[in-house]
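Engineer: Below is the file structure_15.txt, which contains compact mmCIF, C-alpha atoms and all ligand atoms.
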```txt
# COMPACT_ATOMS: atom_id res chain seq x y z
CA MET A 1 118.54 66.63 129.29
CA ARG A 2 115.61 68.03 131.30
CA ASP A 3 112.50 69.21 129.45
CA GLU A 4 113.09 72.91 129.98
CA PHE A 5 116.75 72.80 129.02
CA THR A 6 118.18 76.26 128.24
CA TRP A 7 120.63 76.66 125.37
CA GLY A 8 122.52 79.90 125.46
CA VAL A 9 125.62 81.93 124.78
CA ALA A 10 127.69 83.98 127.21
CA THR A 11 129.76 87.17 127.11
CA SER A 12 130.99 89.76 129.60
CA ALA A 13 130.85 93.54 129.65
CA TYR A 14 134.51 94.54 129.51
CA GLN A 15 135.31 91.89 126.92
CA ILE A 16 132.77 93.09 124.36
CA GLU A 17 131.20 96.46 125.12
CA GLY A 18 133.75 99.18 124.40
CA GLY A 19 132.22 102.64 124.84
CA VAL A 20 134.25 102.99 128.00
CA ALA A 21 134.00 106.75 128.20
CA GLU A 22 130.41 107.06 127.06
CA ASP A 23 127.24 108.10 128.83
CA GLY A 24 128.88 108.67 132.17
CA ARG A 25 130.51 105.27 132.67
CA GLY A 26 133.17 105.38 135.38
CA GLU A 27 136.70 104.00 135.14
CA THR A 28 137.21 100.36 136.11
CA ILE A 29 140.25 98.40 137.26
CA TRP A 30 140.43 96.83 133.81
CA ASP A 31 140.60 100.26 132.11
CA ARG A 32 143.47 101.14 134.41
CA PHE A 33 145.18 97.75 133.98
CA THR A 34 144.97 97.60 130.19
CA HIS A 35 146.29 101.15 129.93
CA THR A 36 149.31 100.27 132.08
CA PRO A 37 152.18 99.47 129.69
CA GLY A 38 153.28 95.85 129.72
CA ARG A 39 150.17 94.38 131.32
CA VAL A 40 148.34 93.16 128.19
CA ILE A 41 149.67 91.51 125.03
CA ASP A 42 150.05 94.04 122.19
CA GLY A 43 148.81 96.79 124.50
CA ALA A 44 145.22 95.77 123.73
CA THR A 45 142.42 97.46 125.67
CA GLY A 46 138.65 97.20 125.99
CA ASP A 47 138.19 100.79 124.79
CA VAL A 48 136.36 99.50 121.72
CA ALA A 49 136.48 95.70 122.21
CA CYS A 50 133.65 94.33 119.98
CA ASP A 51 131.90 97.70 119.98
CA HIS A 52 128.86 95.91 121.37
CA TYR A 53 127.84 99.14 123.10
CA HIS A 54 126.94 100.43 119.64
CA ARG A 55 126.31 97.16 117.79
CA TRP A 56 124.14 95.42 120.39
CA GLU A 57 121.12 95.27 118.06
CA GLU A 58 123.18 93.37 115.50
CA ASP A 59 124.33 91.03 118.27
CA VAL A 60 120.79 90.38 119.46
CA ALA A 61 119.86 89.63 115.84
CA LEU A 62 122.71 87.10 115.69
CA MET A 63 121.39 85.42 118.82
CA ARG A 64 117.91 85.32 117.40
CA GLU A 65 119.30 83.66 114.27
CA LEU A 66 121.15 81.17 116.46
CA GLY A 67 117.91 80.32 118.22
CA VAL A 68 119.25 80.52 121.78
CA ASP A 69 116.85 80.45 124.72
CA GLY A 70 119.10 82.48 126.99
CA TYR A 71 121.83 85.11 126.88
CA ARG A 72 124.30 85.39 129.74
CA PHE A 73 126.00 88.79 129.83
CA SER A 74 127.43 90.92 132.59
CA ILE A 75 126.47 94.38 133.74
CA ALA A 76 129.27 96.91 134.10
CA TRP A 77 128.99 98.16 137.69
CA ALA A 78 130.69 101.42 136.66
CA ARG A 79 127.98 102.18 134.08
CA VAL A 80 125.37 101.99 136.83
CA LEU A 81 127.35 103.56 139.68
CA PRO A 82 130.36 105.28 138.10
CA GLU A 83 132.09 105.69 141.46
CA GLY A 84 130.97 102.28 142.72
CA THR A 85 128.49 103.80 145.19
CA GLY A 86 126.33 106.92 145.23
CA ASP A 87 124.21 108.35 142.46
CA VAL A 88 122.82 106.04 139.81
CA ASN A 89 123.84 106.91 136.26
CA GLN A 90 120.54 106.61 134.41
CA ALA A 91 122.16 106.57 130.97
CA GLY A 92 124.14 103.49 131.98
CA VAL A 93 121.04 101.71 133.25
CA ASP A 94 119.23 102.64 130.03
CA PHE A 95 121.74 100.67 127.97
CA TYR A 96 120.87 97.45 129.81
CA ASP A 97 117.22 98.39 129.81
CA ARG A 98 117.19 98.55 126.00
CA LEU A 99 119.20 95.36 125.69
CA ILE A 100 116.86 93.45 127.96
CA ASP A 101 113.76 94.66 126.15
CA ALA A 102 115.27 93.62 122.81
CA LEU A 103 116.18 90.20 124.18
CA LEU A 104 112.69 89.65 125.53
CA ASP A 105 111.20 90.75 122.19
CA ALA A 106 113.42 88.14 120.52
CA GLY A 107 112.20 85.45 122.93
CA ILE A 108 115.60 85.25 124.66
CA THR A 109 115.76 85.11 128.46
CA PRO A 110 118.37 87.44 129.98
CA TYR A 111 120.82 85.90 132.48
CA PRO A 112 122.75 88.90 133.81
CA THR A 113 125.84 88.52 135.96
CA LEU A 114 126.47 91.39 138.36
CA TYR A 115 130.23 91.11 138.51
CA HIS A 116 132.58 89.85 135.84
CA TRP A 117 135.80 91.41 137.22
CA ASP A 118 135.35 95.09 136.26
CA LEU A 119 135.45 96.76 139.66
CA PRO A 120 134.97 100.53 139.59
CA GLN A 121 138.44 102.06 139.99
CA ALA A 122 137.14 104.40 142.72
CA LEU A 123 136.53 101.34 144.90
CA GLU A 124 139.95 99.92 144.11
CA ASP A 125 141.42 103.21 145.27
CA GLY A 126 139.74 102.53 148.62
CA GLY A 127 141.22 99.01 148.91
CA GLY A 128 139.13 97.11 146.35
CA TRP A 129 138.12 93.59 147.32
CA ARG A 130 140.71 93.66 150.13
CA SER A 131 138.42 96.12 151.91
CA ARG A 132 135.24 95.07 153.68
CA ASP A 133 133.63 98.30 152.41
CA THR A 134 133.48 96.83 148.91
CA VAL A 135 131.03 94.20 150.19
CA GLY A 136 128.60 96.95 151.19
CA ALA A 137 129.16 98.74 147.91
CA PHE A 138 128.32 95.57 145.98
CA ALA A 139 125.07 95.17 147.91
CA GLU A 140 124.23 98.80 147.08
CA TYR A 141 124.90 98.15 143.39
CA ALA A 142 122.83 94.92 143.47
CA ASP A 143 120.00 96.88 145.05
CA ALA A 144 120.15 99.71 142.50
CA ILE A 145 120.21 97.51 139.43
CA THR A 146 117.67 94.90 140.52
CA LYS A 147 115.22 97.63 141.51
CA ARG A 148 115.44 98.92 137.93
CA LEU A 149 115.57 95.67 135.94
CA GLY A 150 113.95 93.18 138.29
CA ASP A 151 110.51 93.72 136.77
CA ARG A 152 111.74 91.90 133.64
CA VAL A 153 114.64 89.81 134.81
CA SER A 154 114.15 87.04 137.33
CA THR A 155 117.39 85.04 137.03
CA TRP A 156 120.49 86.70 138.47
CA ILE A 157 124.09 85.55 138.81
CA THR A 158 126.02 87.39 141.49
CA HIS A 159 129.64 86.68 140.56
CA ASN A 160 131.60 85.18 137.73
CA GLU A 161 134.57 83.01 138.71
CA PRO A 162 135.51 84.53 142.06
CA TRP A 163 138.60 82.28 142.11
CA VAL A 164 139.96 84.16 139.09
CA ALA A 165 139.04 87.58 140.45
CA ALA A 166 140.76 86.79 143.75
CA PHE A 167 143.78 84.70 142.77
CA VAL A 168 144.67 85.75 139.23
CA GLY A 169 144.05 89.37 140.23
CA HIS A 170 145.72 89.38 143.66
CA LEU A 171 148.18 86.47 143.73
CA GLU A 172 149.33 85.75 140.17
CA GLY A 173 149.08 89.42 139.24
CA ALA A 174 148.09 88.61 135.65
CA HIS A 175 144.68 90.27 135.99
CA ALA A 176 143.60 93.60 137.43
CA PRO A 177 144.45 94.91 139.94
CA GLY A 178 147.75 93.07 139.35
CA LEU A 179 148.79 92.23 142.93
CA THR A 180 150.95 89.29 144.02
CA ASP A 181 150.12 88.75 147.66
CA TRP A 182 148.59 85.69 149.36
CA GLY A 183 146.97 87.71 152.13
CA ALA A 184 145.35 90.03 149.62
CA ALA A 185 144.10 87.11 147.52
CA LEU A 186 142.55 85.21 150.43
CA THR A 187 140.95 88.37 151.81
CA ALA A 188 139.59 89.33 148.39
CA ALA A 189 138.22 85.79 147.93
CA HIS A 190 136.39 86.02 151.22
CA HIS A 191 134.93 89.44 150.52
CA LEU A 192 133.79 88.32 147.06
CA LEU A 193 131.97 85.40 148.68
CA VAL A 194 130.42 87.51 151.43
CA SER A 195 129.26 89.99 148.81
CA HIS A 196 127.62 87.10 146.92
CA GLY A 197 125.64 86.30 150.07
CA GLU A 198 124.71 89.93 150.69
CA ALA A 199 123.65 90.49 147.09
CA ALA A 200 121.64 87.27 146.95
CA ALA A 201 119.56 88.48 149.90
CA VAL A 202 119.04 91.89 148.25
CA ILE A 203 117.97 90.32 144.96
CA ARG A 204 115.45 88.06 146.70
CA GLN A 205 113.98 91.11 148.39
CA ASN A 206 113.72 93.19 145.20
CA VAL A 207 112.75 90.64 142.57
CA PRO A 208 109.56 88.63 142.77
CA ASN A 209 110.11 84.91 142.00
CA SER A 210 113.81 85.49 141.60
CA ARG A 211 116.30 82.70 140.90
CA VAL A 212 119.73 83.51 142.26
CA GLY A 213 123.01 81.71 141.64
CA ILE A 214 126.75 82.15 141.30
CA ALA A 215 129.04 81.04 138.45
CA LEU A 216 132.05 79.17 139.86
CA ASP A 217 134.94 78.17 137.68
CA CYS A 218 136.44 74.78 138.29
CA ARG A 219 139.65 72.92 137.48
CA PRO A 220 139.01 69.26 138.11
CA SER A 221 142.38 67.59 138.59
CA TYR A 222 143.83 64.14 139.04
CA PRO A 223 147.18 62.83 140.32
CA ALA A 224 149.75 62.62 137.53
CA THR A 225 150.94 59.21 138.81
CA ASP A 226 149.75 56.78 141.45
CA SER A 227 152.37 57.96 143.95
CA ALA A 228 151.17 59.12 147.37
CA ALA A 229 153.00 62.42 146.82
CA ASP A 230 151.03 63.16 143.64
CA ALA A 231 147.78 62.17 145.36
CA GLY A 232 148.53 64.67 148.14
CA ALA A 233 149.44 67.40 145.66
CA HIS A 234 146.24 66.78 143.74
CA ARG A 235 144.16 67.00 146.93
CA HIS A 236 145.84 70.29 147.83
CA PHE A 237 145.33 71.70 144.32
CA ASP A 238 141.66 70.68 144.43
CA GLY A 239 141.34 72.49 147.75
CA PHE A 240 143.02 75.62 146.43
CA ARG A 241 141.24 75.68 143.10
CA ASN A 242 137.78 74.15 143.73
CA ARG A 243 136.86 73.37 147.34
CA TRP A 244 137.85 76.80 148.72
CA PHE A 245 134.77 78.16 146.86
CA PHE A 246 132.40 75.22 146.49
CA ASP A 247 132.51 74.25 150.18
CA PRO A 248 131.52 77.64 151.66
CA VAL A 249 128.89 78.34 148.99
CA PHE A 250 127.21 75.09 150.04
CA GLY A 251 127.32 75.92 153.73
CA ARG A 252 130.36 73.90 154.80
CA GLY A 253 132.74 76.72 155.57
CA TYR A 254 136.32 76.69 154.33
CA PRO A 255 137.87 73.22 154.07
CA ASP A 256 139.81 72.36 157.26
CA ASP A 257 142.76 70.82 155.43
CA MET A 258 143.24 74.03 153.44
CA VAL A 259 142.89 76.31 156.45
CA ALA A 260 145.58 74.22 158.15
CA ALA A 261 147.79 74.28 155.05
CA TYR A 262 147.47 78.04 154.67
CA ARG A 263 148.23 78.49 158.35
CA ASP A 264 151.31 76.25 158.10
CA ARG A 265 152.54 78.24 155.14
CA GLY A 266 152.00 81.53 156.97
CA ARG A 267 149.29 82.80 154.63
CA ILE A 268 146.77 83.25 157.42
CA GLY A 269 147.33 83.71 161.12
CA PRO A 270 146.49 81.30 163.93
CA GLY A 271 142.85 80.86 164.96
CA THR A 272 139.95 81.96 162.79
CA PRO A 273 141.21 83.57 159.58
CA GLU A 274 141.37 87.29 160.28
CA PHE A 275 139.05 88.28 157.41
CA ILE A 276 136.08 86.24 158.71
CA GLN A 277 133.47 88.14 160.74
CA PRO A 278 130.66 86.53 162.77
CA GLY A 279 127.79 85.46 160.51
CA ASP A 280 129.85 85.49 157.33
CA MET A 281 129.82 81.77 156.69
CA ASP A 282 126.03 81.57 157.09
CA LEU A 283 125.61 84.41 154.64
CA ILE A 284 127.91 82.77 152.09
CA GLY A 285 126.27 79.38 152.58
CA ALA A 286 122.64 80.51 152.31
CA PRO A 287 120.81 78.28 149.79
CA ILE A 288 121.03 79.25 146.13
CA ASP A 289 118.52 78.39 143.42
CA PHE A 290 121.10 77.15 140.95
CA LEU A 291 124.83 76.73 140.58
CA GLY A 292 126.64 78.00 137.49
CA ILE A 293 129.70 75.97 136.52
CA ASN A 294 132.30 77.28 134.07
CA TYR A 295 134.29 74.41 132.63
CA TYR A 296 137.17 74.41 130.17
CA THR A 297 139.73 71.74 131.10
CA SER A 298 141.10 69.42 133.74
CA LEU A 299 144.71 68.88 134.78
CA PRO A 300 147.08 66.23 136.06
CA ILE A 301 148.87 67.37 139.21
CA SER A 302 152.37 66.36 140.27
CA ALA A 303 154.00 66.88 143.65
CA GLY A 304 156.32 69.85 143.44
CA ALA A 305 154.35 71.62 140.68
CA ASP A 306 153.62 75.24 141.42
CA GLU A 307 150.37 75.37 143.38
CA THR A 308 149.07 78.22 141.30
CA GLU A 309 149.62 76.40 138.00
CA ASP A 310 146.20 76.27 136.42
CA THR A 311 146.92 76.72 132.75
CA GLY A 312 149.57 75.57 130.38
CA ILE A 313 150.90 72.18 129.53
CA MET A 314 152.27 70.11 132.39
CA PRO A 315 155.63 68.62 131.40
CA GLY A 316 155.52 65.04 130.21
CA VAL A 317 151.75 64.80 130.00
CA THR A 318 150.06 63.30 126.97
CA VAL A 319 146.46 64.23 126.32
CA PRO A 320 144.59 62.11 123.76
CA ASP A 321 142.24 64.83 122.61
CA GLY A 322 144.88 67.54 122.26
CA PHE A 323 144.89 71.14 123.38
CA THR A 324 143.06 74.33 122.57
CA GLU A 325 145.13 77.38 121.65
CA MET A 326 145.03 78.48 125.29
CA GLY A 327 147.25 75.44 125.89
CA TRP A 328 144.42 73.80 127.81
CA PRO A 329 144.06 70.02 127.46
CA ILE A 330 140.76 68.96 125.89
CA THR A 331 139.16 66.72 128.51
CA PRO A 332 135.39 66.38 128.03
CA ALA A 333 135.01 63.23 130.15
CA ALA A 334 136.21 65.16 133.20
CA LEU A 335 133.19 67.45 132.81
CA THR A 336 130.82 64.51 133.27
CA GLY A 337 132.82 63.37 136.28
CA PHE A 338 132.91 66.82 137.84
CA LEU A 339 129.16 67.34 137.41
CA GLN A 340 128.51 63.98 139.05
CA ARG A 341 130.83 64.90 141.90
CA VAL A 342 129.12 68.26 142.45
CA HIS A 343 125.72 66.55 142.45
CA ARG A 344 126.92 63.89 144.89
CA GLU A 345 128.87 66.13 147.25
CA TYR A 346 126.99 69.43 147.17
CA ASP A 347 123.58 68.58 145.73
CA PRO A 348 122.58 71.94 144.18
CA PRO A 349 118.90 72.02 143.14
CA SER A 350 119.83 72.96 139.60
CA ILE A 351 123.05 73.36 137.60
CA PHE A 352 123.79 75.46 134.55
CA ILE A 353 126.98 75.19 132.53
CA THR A 354 127.42 78.96 132.49
CA GLU A 355 130.55 78.82 130.29
CA ASN A 356 132.23 76.25 128.08
CA GLY A 357 134.16 76.81 124.90
CA ALA A 358 137.47 76.74 123.10
CA SER A 359 140.01 79.14 121.70
CA PHE A 360 140.95 78.40 118.10
CA SER A 361 142.11 81.16 115.79
CA ASP A 362 140.52 80.01 112.51
CA GLY A 363 139.42 83.03 110.48
CA PRO A 364 137.72 83.64 107.14
CA GLY A 365 139.08 81.61 104.23
CA PRO A 366 139.10 82.64 100.52
CA GLU A 367 135.31 82.19 100.35
CA GLY A 368 134.84 84.40 103.39
CA THR A 369 133.55 81.55 105.57
CA VAL A 370 135.17 80.36 108.80
CA ASP A 371 135.75 76.64 109.02
CA ASP A 372 136.34 76.02 112.75
CA GLN A 373 135.83 72.28 112.85
CA ARG A 374 138.07 72.02 115.93
CA ARG A 375 135.62 74.20 117.89
CA ILE A 376 132.69 72.09 116.65
CA ASP A 377 134.47 68.96 117.84
CA TYR A 378 135.19 70.54 121.22
CA LEU A 379 131.63 71.76 121.71
CA ALA A 380 130.05 68.51 120.52
CA ALA A 381 132.21 66.48 122.91
CA HIS A 382 131.37 68.75 125.86
CA VAL A 383 127.64 68.89 125.11
CA ALA A 384 127.73 65.08 125.00
CA ALA A 385 129.55 65.08 128.34
CA VAL A 386 126.81 67.25 129.83
CA ALA A 387 124.14 64.92 128.38
CA ALA A 388 125.92 61.93 129.94
CA ALA A 389 125.86 63.64 133.33
CA ALA A 390 122.18 64.49 132.89
CA GLU A 391 121.38 60.89 131.97
CA SER A 392 123.06 59.73 135.16
CA GLY A 393 120.75 61.95 137.22
CA VAL A 394 122.60 65.27 137.53
CA PRO A 395 120.06 68.14 137.42
CA VAL A 396 121.62 70.12 134.55
CA ASP A 397 119.23 72.75 133.25
CA GLY A 398 121.25 74.69 130.72
CA TYR A 399 124.40 75.15 128.68
CA PHE A 400 125.90 78.49 127.66
CA ALA A 401 128.63 78.43 125.03
CA TRP A 402 131.53 80.78 125.63
CA SER A 403 131.36 82.91 123.66
CA LEU A 404 129.00 84.58 121.21
CA LEU A 405 131.81 86.76 119.84
CA ASP A 406 135.59 86.68 119.57
CA ASN A 407 136.48 89.19 122.27
CA LEU A 408 139.15 90.65 124.52
CA GLU A 409 140.70 87.71 126.38
CA TRP A 410 141.86 89.86 129.30
CA SER A 411 145.67 90.07 129.56
CA LEU A 412 145.99 87.96 126.41
CA GLY A 413 144.37 90.78 124.47
CA PHE A 414 142.86 89.77 121.13
CA THR A 415 145.24 86.84 120.62
CA GLN A 416 142.65 84.23 121.61
CA ARG A 417 139.35 83.66 119.78
CA PHE A 418 136.55 81.87 121.63
CA GLY A 419 133.62 83.12 119.52
CA LEU A 420 130.95 81.35 117.50
CA VAL A 421 131.11 84.59 115.54
CA TRP A 422 134.44 85.83 114.17
CA VAL A 423 135.07 89.53 114.78
CA ASP A 424 137.37 91.76 112.77
CA HIS A 425 138.91 93.73 115.60
CA ASP A 426 139.78 96.64 113.29
CA THR A 427 136.33 97.17 111.83
CA GLY A 428 133.96 95.29 114.15
CA ARG A 429 132.65 93.21 111.22
CA ARG A 430 131.02 89.96 112.39
CA VAL A 431 131.18 86.66 110.49
CA PRO A 432 129.32 83.65 111.92
CA LYS A 433 131.62 80.62 111.94
CA ALA A 434 130.79 77.01 111.01
CA SER A 435 130.40 76.38 114.76
CA PHE A 436 127.58 78.96 114.79
CA ASP A 437 125.68 76.85 112.22
CA TRP A 438 126.49 73.68 114.14
CA TYR A 439 125.18 75.17 117.39
CA ARG A 440 122.04 76.48 115.69
CA GLU A 441 121.29 73.00 114.37
CA ARG A 442 122.05 71.42 117.75
CA ILE A 443 119.68 73.79 119.50
CA ALA A 444 116.96 73.23 116.92
CA ARG A 445 117.25 69.48 117.49
O1 LIG A 501 137.18 84.81 128.68
C1 LIG A 501 137.09 84.12 129.90
C2 LIG A 501 135.89 84.59 130.68
O2 LIG A 501 135.91 85.95 130.92
C3 LIG A 501 135.82 83.87 132.00
N1 LIG A 501 135.93 82.45 131.84
C4 LIG A 501 136.98 81.94 131.02
C5 LIG A 501 136.98 82.63 129.68
C6 LIG A 501 138.11 82.08 128.79
O3 LIG A 501 139.34 82.25 129.41
```
Show the structure stored in the file as structure tokens.
Ligand code: IFM
Structural biologist:
Amino acid sequence: MRDEFTWGVATSAYQIEGGVAEDGRGETIWDRFTHTPGRVIDGATGDVACDHYHRWEEDVALMRELGVDGYRFSIAWARVLPEGTGDVNQAGVDFYDRLIDALLDAGITPYPTLYHWDLPQALEDGGGWRSRDTVGAFAEYADAITKRLGDRVSTWITHNEPWVAAFVGHLEGAHAPGLTDWGAALTAAHHLLVSHGEAAAVIRQNVPNSRVGIALDCRPSYPATDSAADAGAHRHFDGFRNRWFFDPVFGRGYPDDMVAAYRDRGRIGPGTPEFIQPGDMDLIGAPIDFLGINYYTSLPISAGADETEDTGIMPGVTVPDGFTEMGWPITPAALTGFLQRVHREYDPPSIFITENGASFSDGPGPEGTVDDQRRIDYLAAHVAAVAAAAESGVPVDGYFAWSLLDNLEWSLGFTQRFGLVWVDHDTGRRVPKASFDWYRERIAR
């Protein structure tokens, strides 16, 4: 690992904060979605979540005890600009102001993400990410928040997992805003990427010595058999799931094979895709200071499998290291391979693993302690995979475990636990798990 390696933990606003109606925060698409019957398991909502909005000092103390160098969290756009644009809500900014000061006092570097899926509902009402106007609104938000926090925060992440925001939200319909439309998904994906470019330029202007990046999720895949049909399906899946974002962010535009495939399938029209305006691809492909990679699993792909299949167990597949409770195969070696590929093909100046972790539901035993050995095994294997990539020359500069706390796993509600700290979702009580102690010792080493 490089000398200045950053060890951290990650969270996101809607998954932990709660306090959704406090201090002038506006409604978001996730408030609307979770309150729509049938959308989320058990009718769970982020109204209280981990109550971090009130318990943030306790959470900073936990991080101090853990000894992390960095904390990756997201800022709720609707706390800063309740309607998405317009007047700044000072009380909302103050929350992040206090958090950042406390982190800095604890010797922890803040790594804020501007957008982790919680679009202000007012913008959704105007077309959300399907509308070009949302790009301008995002730049306005980036401007407002970096002008207020940029004196203390130099590292900024524009978006978290734009693939998920675009495709799970607008094609699979399992996330807010719950649409199932290819045109909407591809348009939203493009606007998310353009807004990354716009915001990056704004941040550079407002923040001296800024470091700007984006956190892309990835699903490395491989053909399920050595048949030509599976190889083709794997290539298409990789284009859909990985290259559609990695290529443009590194200045290559959208991959030709995928543009052709989408055209053939009637998802975009002939000629230049209708959502692209002159200058967009340069904006999206402007150099970044670091790339964030969120990694959880990799998948075998068979011809004929549903293109959108990105979770769940593929029929007939055996995975030596088993599955997490999300049903995701445990595949640490693929992380090394993917990092080497990204280094070889895209050559970012610096890479951070901005998320990696596992869902296992172990809770307090009779002694009150949480023995989550399966999470320790998962994390140890993935940290080793990152170290292997680093040893082979990949410029990896940090690792953020997902997540500090058990939290709201979106439409799966509170049924999945990713935390190093167990949370009683009735009382908010926090109990550090065995993996917390393991990570503290790993960081100290
Ligand atoms: O909880 C999510 C997070 O919000 C984004 N990345 C994946 C995590 C686990 O599904």
Engineer: Just need the box for ligand LIG 501 (chain A), edges along x, y and z, holding every atom the file lists for it with 5 Å tacked onto each side, so centre and edge lengths in Å to one decimal, as lines of an AutoDock Vina configuration file.
Structural biologist:
```
center_x = 137.6
center_y = 83.9
center_z = 130.3
size_x = 13.5
size_y = 14.0
size_z = 13.3
```
Engineer: Of the candidates A:Ala185, A:Ala384, A:Ile284, A:Leu216, which one gets nearest to ligand LIG 501 (chain A) if we count all atoms listed in the file?
Structural biologist: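 Of all the options, A:Leu216 lies closest to ligand LIG 501 (chain A).
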Engineer: List the spatial neighbours of segment 257-270 of chain A as an MDAnalysis selection string - criterion: any atom at most 6 Å away, all atoms listed in the file, same-chain residues fewer than 2 positions off excluded.
Structural biologist: chainID A and resid 183 255 273
Engineer: Keeping C-alpha atoms for every residue in the selection just given, could you write it to a file as a PDB file, in the frame of the given file?
Structural biologist:
```
ATOM      1  CA  GLY A 183     146.970  87.710 152.130  1.00  0.00           C
ATOM      2  CA  PRO A 255     137.870  73.220 154.070  1.00  0.00           C
ATOM      3  CA  PRO A 273     141.210  83.570 159.580  1.00  0.00           C
TER       4      PRO A 273
END
```
Engineer: Using all atoms listed in the file, determine which residues lie at most 12 Å from Ser227 of chain A, disregarding the query and same-chain residues fewer than 4 positions distant; provide the list as a list in words.
Structural biologist: Tyr222, Pro223, Ala231, Gly232, Ala233, His234, Ile301, Ser302 and Ala303 of chain A
Engineer: Name each residue within 9 Å of ligand LIG 501 (chain A), counting all atoms listed in the file, as a PyMOL selection string.
Structural biologist: chain A and resi 10-12+14-15+116-117+160-161+164+217+294-296+326+355-359+402-403+407-410+416+418
Engineer: Quote the spacing between atom CA of Gln340 of chain A and atom CA of Ala166 of chain A in Å to one decimal place.
Structural biologist: 26.3 Å
Engineer: Rank nothing, just name the residue among A:Gly43, A:Gly38, A:Gly67, A:Gly24 nearest to Phe95 of chain A, using only C-alpha atoms.
Structural biologist: A:Gly24
Engineer: Fewer than 4 positions away in the same chain doesn't count, so skip those; otherwise give me all residues within 10 Å of Arg440 of chain A, counting all atoms listed in the file, as an NGL selection string.
Structural biologist: :A and (7 or 63-68 or 434-436 or 444-445)
Engineer: With a distance cut-off of 12 Å and all atoms listed in the file, select the neighbouring residues of Gly128 of chain A, excluding the residue or stretch itself and same-chain residues fewer than 4 positions from it, and output the selection as a PyMOL selection string.
Structural biologist: chain A and resi 28-29+84+117-124+132-138+165-166+169-170+176-179+184-185+187-189+191-192
Engineer: At a cut-off of 8 Å, using all atoms listed in the file, what residues contact Leu299 of chain A? Leave out same-chain residues fewer than 2 positions from it and give the result as a count of residues only.
Structural biologist: 8
Engineer: Could you tell me how far atom CA of Glu198 of chain A lies from atom CA of Arg241 of chain A, in Å and to one decimal?
Structural biologist: 23.1 Å
Engineer: Compare A:Val88, A:Gly428, A:Thr336, A:Ala142 by their minimum atom-to-atom distance to Glu17 of chain A, counting all atoms listed in the file, and give me the closest one.
Structural biologist: A:Gly428
